[in-house]
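Here's the structure, in structure tokens; my notes come after.
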Protein chains: 4
Amino acid sequence: MVATTLAPFDWPVRVYYEDTDAGGIVYYANFLRYFERCRTEWLRALGIEQQRLREKDGLQFVVVNASIDYRRPARLDDRLTIRAEIAETARTWLVFAQQALRGDELLATAEVKVACLDAQSMAPARLPASLAMKIKTESPPR
Amino acid sequence: MVATTLAPFDWPVRVYYEDTDAGGIVYYANFLRYFERCRTEWLRALGIEQQRLREKDGLQFVVVNASIDYRRPARLDDRLTIRAEIAETARTWLVFAQQALRGDELLATAEVKVACLDAQSMAPARLPASLAMKIKTESPPR
Amino acid sequence: MVATTLAPFDWPVRVYYEDTDAGGIVYYANFLRYFERCRTEWLRALGIEQQRLREKDGLQFVVVNASIDYRRPARLDDRLTIRAEIAETARTWLVFAQQALRGDELLATAEVKVACLDAQSMAPARLPASLAMKIKTESPPR
Amino acid sequence: MVATTLAPFDWPVRVYYEDTDAGGIVYYANFLRYFERCRTEWLRALGIEQQRLREKDGLQFVVVNASIDYRRPARLDDRLTIRAEIAETARTWLVFAQQALRGDELLATAEVKVACLDAQSMAPARLPASLAMKIKTESPPR
């Protein structure tokens, strides 16, 4: 994990019926929703709204790969903390290290690589300048 | 219900974990997904693909209102039949009467009004000609 | 709408990618998720958590019917207010009048009838006493 | 990948509005739904229904980890082939190699580790005998 000046970002999520399945626990794919809500709010906290980003700057973020470890189940009515932290950066992409926690208990971890694309051509594009500026790493970008 | 030459249309749906909730049954909002799959396949059977409809004809269907009665729960692994039938038609909209069945057992019924819009202006637009031709009603359109 | 001492209850909802569809708007079934989140938080504000309600009191709420009017689309990044208000009550069920608002703009309205069931037998059961006490209506229960 | 006598298993999936997002493509978490439908149908083809497995044998499958590579987007109305193949087996778990294809075009790949648990204690349990018998590997189980 490269050093960055950006602290881990936490976002609270409540588990509703819509999130659970007949096993009585949060359906496994829905953790990817939670992780994405957290990344979205992280961006918003940095001043970036994705709808405007696409309309004004012609840029779009897409997930390139994701790997998730499920450790313990989350259940109806649980209040979770979803965490995002930058693990790696480059000119056109970011890797997030993410966690789902219930209090101190770690329920799931994920690594999610997100690429910045030109929304028209779908070709790799530089991260928005406002974002790149905020991600000041001590190690050189790869 | 106006008379129409179009027979009821059935589409099979299997219940997966993704559809269920911690109550052990299909989550109530997911019946609206099932009903929409059936309307989509009904359109496809009539030769209309919605992606192409938007790109070529600039038309889009949107749900204007929906009312659903839930009678019995559906469960994991159930094989359901989802039914769509035209209940009313007009120049720019359709009302579907829909059912979710498990064998002969009626699980849910719905009435769903779908309007045809100009995808740009979002103003009401005539139903696609190919569709209007197939919906021959004996009562005059309203 | 019967008079009740309970004020309308508002719950904020943010629109994420997960909620939208290829039409660029919130998928129609997802409003039912929003409406249910609001009812859940209304219950929680009254001291009722549904997981515990089922485990301790053997009671479960289920939606009996729902009717929704869609007036205007909601979009990515929108911040909505979801509102729930009791429209009718009886010994074993409630009807909620619900709204989805973006600022002052009304996007959707719904009427949702929720029944209280014995979680084992699935037979109608009296509303939890703590809830019934809070719903003081001036008109007699039906 | 260990040798096994079980051939790759294909399951067709159609992309509906419910699967897409405002980016105009299938929402990234929904590929995990597709992959799970395919594993479920693979089990069903081998004679195993998960609801009955839990009720009769007290066994439950849970996803332990998943890693997905997204290569190309899937779009509304696409007809996909979802593939599952056993990549590794042991006494209490399986690893599936999975693919999402549109014709010959590879859209996404995944590795998904699924563990068999005692549904009560949530402790690791042997795979159902009927399943273990069908997975005859040439290399010794780990």
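Here's how to read the names in the structure tokens: chain A, B, ... by the order shown, residue numbers from 1 in each chain, ligand numbers from 1 in the order shown.
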
Quiz prompt | Neighbour list for stretch 58-71 of chain D as a ChimeraX atom specification, cut-off 9 Å, only C-alpha atoms, skip fewer than 2 positions in-chain | solution = /A:23,28,63-71 /D:28,31-32,50-56,73,93,106-120,122,125-128

Exercise. Enumerate as a ChimeraX atom specification the residues belonging to chain B that approach chain D to within 9 Å, with only C-alpha atoms taken into account.
Key: /B:16-18,33,36-37,40,49-51,75-77

Practice problem: From stretch 33-142 of chain C, collect each residue whose DSSP state is strand (DSSP E) and return the set as number ranges by chain. | Solution: C: 59-70, 79-89, 93-102, 105-118

Mind writing the picked residues with C-alpha atoms as a JSON list (two decimals), in the first residue's frame?
```
[["chain", "number", "residue", "atom", "x", "y", "z"],
["C", 59, "LEU", "CA", -44.31, -11.25, 14.78],
["C", 60, "GLN", "CA", -43.56, -10.30, 11.21],
["C", 61, "PHE", "CA", -44.80, -7.51, 8.97],
["C", 62, "VAL", "CA", -45.67, -8.30, 5.37],
["C", 63, "VAL", "CA", -46.84, -6.08, 2.54],
["C", 64, "VAL", "CA", -50.34, -7.06, 1.46],
["C", 65, "ASN", "CA", -50.72, -4.58, -1.35],
["C", 66, "ALA", "CA", -48.96, -1.59, -2.78],
["C", 67, "SER", "CA", -49.95, 0.95, -5.37],
["C", 68, "ILE", "CA", -47.48, 3.48, -6.72],
["C", 69, "ASP", "CA", -47.83, 6.51, -8.96],
["C", 70, "TYR", "CA", -44.68, 7.56, -10.76],
["C", 79, "ARG", "CA", -30.89, 13.29, -2.63],
["C", 80, "LEU", "CA", -34.47, 12.27, -1.96],
["C", 81, "THR", "CA", -36.76, 12.56, 1.01],
["C", 82, "ILE", "CA", -38.92, 9.51, 1.55],
["C", 83, "ARG", "CA", -42.01, 10.13, 3.65],
["C", 84, "ALA", "CA", -44.34, 7.77, 5.50],
["C", 85, "GLU", "CA", -47.59, 8.63, 7.18],
["C", 86, "ILE", "CA", -50.31, 6.41, 8.59],
["C", 87, "ALA", "CA", -53.40, 6.59, 6.42],
["C", 88, "GLU", "CA", -55.46, 3.86, 8.09],
["C", 89, "THR", "CA", -55.10, 1.46, 10.96],
["C", 93, "TRP", "CA", -52.74, -3.98, 9.78],
["C", 94, "LEU", "CA", -51.68, -0.48, 8.77],
["C", 95, "VAL", "CA", -51.92, 1.50, 5.58],
["C", 96, "PHE", "CA", -49.09, 3.92, 4.89],
["C", 97, "ALA", "CA", -49.35, 6.90, 2.57],
["C", 98, "GLN", "CA", -45.88, 7.48, 1.21],
["C", 99, "GLN", "CA", -44.09, 10.02, -0.93],
["C", 100, "ALA", "CA", -40.75, 10.36, -2.64],
["C", 101, "LEU", "CA", -39.66, 13.99, -2.88],
["C", 102, "ARG", "CA", -36.68, 15.83, -4.35],
["C", 105, "GLU", "CA", -40.85, 18.21, -6.15],
["C", 106, "LEU", "CA", -43.07, 15.17, -5.77],
["C", 107, "LEU", "CA", -41.57, 12.23, -7.69],
["C", 108, "ALA", "CA", -43.77, 9.35, -6.59],
["C", 109, "THR", "CA", -46.59, 8.51, -4.21],
["C", 110, "ALA", "CA", -47.64, 5.16, -2.83],
["C", 111, "GLU", "CA", -50.20, 3.49, -0.64],
["C", 112, "VAL", "CA", -48.82, 0.43, 1.09],
["C", 113, "LYS", "CA", -50.86, -1.91, 3.27],
["C", 114, "VAL", "CA", -48.78, -3.83, 5.78],
["C", 115, "ALA", "CA", -50.20, -6.69, 7.83],
["C", 116, "CYS", "CA", -48.87, -8.06, 11.09],
["C", 117, "LEU", "CA", -48.56, -11.85, 11.06],
["C", 118, "ASP", "CA", -47.70, -14.58, 13.49]]
```

Quiz item: Quick one, how far is atom CA of D:Cys38 from atom CA of D:Thr20?
Solution: 18.8 Å
